[in-house]
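Enquirer: Structure below; questions to follow.
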Amino acid sequence: MNVENKTIIISGASRGIGRATALLLAQHGANVVVTARNADELAELEKQATEGHVRGKIVAVPGDVTNEDDMEAVVKTAIDQFQHIDVVINNAGYGVFKNVDELTATEWDDLMATNVKGTFLLTKAALPHLKAQASGHIVIVASDVAKRTFAGGALYTASKYAQEAFTGALRKEVRSFGIKVTGVYSGLVDSHFHAKGHGHETSQNWLKNEDMAESMLFIVSRPAHVVVDEFMIHPLSQEY
Ligand SMILES: NC(=O)c1ccc[n+]([C@@H]2O[C@H](COP(=O)([O-])OP(=O)(O)OC[C@H]3O[C@@H](n4cnc5c(N)ncnc54)[C@H](OP(=O)(O)O)[C@@H]3O)[C@@H](O)[C@H]2O)c1
C-alpha cells in the first residue's frame with residue numbers, strides 16, 4: 001500500500017468519501033491537494049492532518065469543480081508545491097432524485113455541470129502534466145448506477161452514465177501515454193450524500209466512508225505495471 005511521497009489531488013474532499021480518502025492517503029505518506037467549495041471544512045481537514053502529525057501533507061485549495069480557473073489553480077498548486085502529479089481522484093458530486101416531470105432545467109444543468117463537466121475540467125487541467133511525465137493515474141468516482149437505472153434517478157443516473165462513457169473513452173486515449181484510468185462503482189455509502197444524513201439508522205449497514213478510503217488506497221497503490229480498470233463495491237446488505 002505504498003503511496004509515500006505521491007502527489008494526489010482529490011475533488012469533493014470537504015466531507016464524505018473524499019475527506020476520508022484524503023486523510024487515509026496522507027496517513028500513508030501521500031501529499032494530498034484537496035478541493036471543494038467549503039473553505040472552512042477544507043481548512044479543518046488541513047488542521048486535522050497537521051495536528052494529527054500524519055506523514056504526508058494536506059494542502060487545501062477551495063474551488064468549484066464547475067469552474068475551469070478553479071481547477072487549473074488546484075493543479076497549479078500541486079505542481080508548484082510538489083513538482084509532479086501522481087493521481088487525480090475525481091470524486092466531487094451530488095444527487096437529485098425526482099421523477100422526470102418534477103425536475104427543473106436548472107437542477108439538470110447544475111448537476112450535470114458538477115458531476116460531468118467537473119470531472120472533465122479537473123482531468124483536462126491535469127492531463128498535460130501527466131502526459132509530459134508519461135505517468136499518472138486518473139480515478140473517477142462514478143457509482144454502480146453508472147451501469148443500472150432506477151425510477152426517480154433519471155438525472156443522477158444520466159450523469160453517472162456520462163461519467164462512465166467519459167472514463168471509457170479517456171482510458172483508450174491515454175493508456176499509450178502510460179496513464180492509468182480507474183472507474184469506481186460503489187453502492188450505498190453512509191456519507192453526507194443521502195437526504196437522511198450521515199449516521200442515520202437506515203444507513204447503519206451501508207459502506208462507510210472509510211471503506212471507500214481503503215478501496216482508494218488499494219487502487220492507487222498498485223505497482224507501476226498494474227492498473228485496476230474498474231472497481232465495483234457494495235455493502236453486503238444491498239441487492240445487486
Ligand atoms: N454516498 C453514496 O451512496 C454514493 C454511492 C455511489 C457514488 N457516490 C459518489 O461519490 C462521490 C462523493 O460523494 P459522497 O457520497 O462522499 O457525498 P458527500 O458526503 O455529500 O460529499 C460530496 C463532496 O462533493 C463536493 N462537491 C459537491 N459539489 C461540488 C462542486 N460544485 N465543486 C466542488 N466540490 C463539490 C462537496 O463539497 P462542497 O459542498 O464543499 O463543495 C463534498 O465534499 C460523488 O460523486 C457521488 O456521486 C456516492
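Following the order of the C-alpha cells, first chain is A, next is B, and so on, with residues numbered from 1 inside each chain and ligands from 1 in the order they appear.
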With only C-alpha atoms as the counted atoms, please give the residues lying no more than 7 Å from A:Val33, apart from itself and same-chain residues fewer than 5 positions off, as a PyMOL selection string.

Expert: chain A and resi 8-10+58-60+78

Enquirer: Where does stretch 38-81 of chain A meet stretch 128-140 of chain A within 10 Å, residue by residue, with the nearest atom pair and distance in Å to one decimal for each, counting only C-alpha atoms, listed by chain and rising number, as CSV?

Expert:
```
residue,atom,partner,partner_atom,distance
A:Val75,CA,A:His129,CA,9.0
A:Lys76,CA,A:His129,CA,10.0
A:Ile79,CA,A:His129,CA,8.6
```

Enquirer: Which protein, DNA or RNA residues have an atom within 7 Å of ligand 1, counting only C-alpha atoms and all ligand atoms, as a ChimeraX atom specification?

Expert: /A:11-19,35-38,63-66,91-95,114-115,141-144,185-194

Enquirer: Measure the distance from atom CA of A:Gly56 to atom CA of A:Gln27 in Å and round it to one decimal.

Expert: 6.3 Å

Enquirer: Residues of stretch 119-180 of chain A classed as strand (DSSP E) by DSSP on the backbone are to be reported as a count of residues only.

Expert: 8

Enquirer: Excluding A:Phe97 and residues on its chain fewer than 6 positions from it, collect all residues at most 8 Å away from it, counting only C-alpha atoms, and give them as a ChimeraX atom specification.

Expert: /A:152-156

Enquirer: Please dump the current selection as a compact mmCIF listing (two decimals), in the first residue's frame; keep N, CA and C atoms.

Expert:
```
# COMPACT_ATOMS: atom_id res chain seq x y z
N GLY A 152 -36.92 7.56 -10.74
CA GLY A 152 -36.56 8.68 -9.88
C GLY A 152 -35.09 9.05 -9.99
N GLY A 153 -34.36 8.28 -10.80
CA GLY A 153 -32.91 8.52 -10.90
C GLY A 153 -32.48 8.97 -12.28
N ALA A 154 -33.42 9.50 -13.08
CA ALA A 154 -33.07 9.83 -14.47
C ALA A 154 -31.91 10.82 -14.56
N LEU A 155 -31.96 11.88 -13.77
CA LEU A 155 -30.90 12.88 -13.84
C LEU A 155 -29.59 12.34 -13.28
N TYR A 156 -29.66 11.76 -12.08
CA TYR A 156 -28.42 11.29 -11.44
C TYR A 156 -27.78 10.16 -12.26
```

Enquirer: For A:Glu68, which residue out of A:Arg55, A:Lys208, A:Arg171, A:Lys124 is the nearest one, using only C-alpha atoms?

Expert: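 Using only C-alpha atoms, the shortest distance to A:Glu68 belongs to A:Lys124.
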
Enquirer: Write out as a tab-separated table a residue-level contact list of stretch 10-48 of chain A versus stretch 218-227 of chain A with cut-off 12 Å: for each qualifying residue the closest pair of atoms and the distance in Å to one decimal, counting only C-alpha atoms, rows sorted by chain and residue number upward.

Expert:
```
residue	atom	partner	partner_atom	distance
A:Thr21	CA	A:Phe218	CA	11.0
A:Leu24	CA	A:Phe218	CA	11.1
A:Leu25	CA	A:Val220	CA	9.4
A:His28	CA	A:Ser221	CA	10.3
A:Gly29	CA	A:Ser221	CA	11.6
A:Ala30	CA	A:Ser221	CA	10.5
```

Enquirer: Would you save the residues of that selection, restricted to N, CA and C atoms, as a short mmCIF file (atom, residue, chain, number, x, y, z; two decimals), in the first residue's frame?

Expert:
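For reference, again36.cif as written:
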```
data_model
loop_
_atom_site.label_atom_id
_atom_site.label_comp_id
_atom_site.auth_asym_id
_atom_site.auth_seq_id
_atom_site.Cartn_x
_atom_site.Cartn_y
_atom_site.Cartn_z
N THR A 21 -10.82 9.69 2.32
CA THR A 21 -9.75 9.23 1.43
C THR A 21 -8.51 10.12 1.58
N LEU A 24 -6.72 9.22 4.88
CA LEU A 24 -6.04 7.91 4.87
C LEU A 24 -4.78 7.97 4.00
N LEU A 25 -4.89 8.61 2.83
CA LEU A 25 -3.74 8.68 1.94
C LEU A 25 -2.61 9.50 2.58
N HIS A 28 -0.77 7.60 5.07
CA HIS A 28 0.18 6.67 4.44
C HIS A 28 1.31 7.41 3.72
N GLY A 29 1.43 8.70 3.92
CA GLY A 29 2.61 9.43 3.43
C GLY A 29 2.42 10.17 2.14
N ALA A 30 1.19 10.17 1.58
CA ALA A 30 0.96 10.93 0.34
C ALA A 30 0.80 12.41 0.65
#
```

Enquirer: Closest to A:Met216 among A:Ala169, A:Met71, A:Val88, A:Ala151, using only C-alpha atoms?

Expert: A:Val88

Enquirer: Nearest residue to A:Val3 out of A:Val74, A:Ala43, A:Leu217, A:Val228, using only C-alpha atoms?

Expert: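 Going through A:Val74, A:Ala43, A:Leu217, A:Val228 one by one, the smallest distance to A:Val3 is for A:Leu217.
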
Enquirer: Taking into account only C-alpha atoms, which residue in the set A:Val87, A:Val116, A:Ile233, A:Ala49 is nearest to A:Thr157?

Expert: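 Using only C-alpha atoms, A:Thr157 sits closest to A:Val116.
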
Enquirer: In Å, how far is it from atom CA of A:Gly168 to atom CA of A:Trp108?

Expert: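 Calculated distance between atom CA of A:Gly168 and atom CA of A:Trp108 is 23.0 Å.
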
Enquirer: Neighbouring residues of A:Tyr161 were defined as those with any atom within 7 Å, considering only C-alpha atoms; residues of the same chain fewer than 3 positions away were excluded. Please report them as a ChimeraX atom specification.

Expert: /A:146-147,157-158,164-165

Enquirer: Would you output that residue set with N, CA and C atoms, as an mmCIF file, in the first residue's frame?

Expert:
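Below you can see out-v5.cif, which holds the result:
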```cif
data_model
loop_
_atom_site.group_PDB
_atom_site.id
_atom_site.type_symbol
_atom_site.label_atom_id
_atom_site.label_comp_id
_atom_site.auth_asym_id
_atom_site.auth_seq_id
_atom_site.Cartn_x
_atom_site.Cartn_y
_atom_site.Cartn_z
ATOM 1 N N ALA A 146 -23.894 3.980 -12.634
ATOM 2 C CA ALA A 146 -23.321 4.255 -13.949
ATOM 3 C C ALA A 146 -23.589 3.074 -14.874
ATOM 4 N N LYS A 147 -24.143 1.977 -14.276
ATOM 5 C CA LYS A 147 -24.362 0.746 -15.042
ATOM 6 C C LYS A 147 -25.775 0.195 -14.886
ATOM 7 N N THR A 157 -28.595 9.183 -12.679
ATOM 8 C CA THR A 157 -28.004 8.068 -13.429
ATOM 9 C C THR A 157 -27.491 8.543 -14.787
ATOM 10 N N ALA A 158 -28.168 9.526 -15.408
ATOM 11 C CA ALA A 158 -27.655 10.068 -16.680
ATOM 12 C C ALA A 158 -26.271 10.673 -16.467
ATOM 13 N N GLU A 164 -19.261 7.446 -16.893
ATOM 14 C CA GLU A 164 -18.796 6.114 -17.319
ATOM 15 C C GLU A 164 -18.288 6.153 -18.765
ATOM 16 N N ALA A 165 -19.042 6.841 -19.635
ATOM 17 C CA ALA A 165 -18.616 6.955 -21.037
ATOM 18 C C ALA A 165 -17.314 7.758 -21.139
#
```
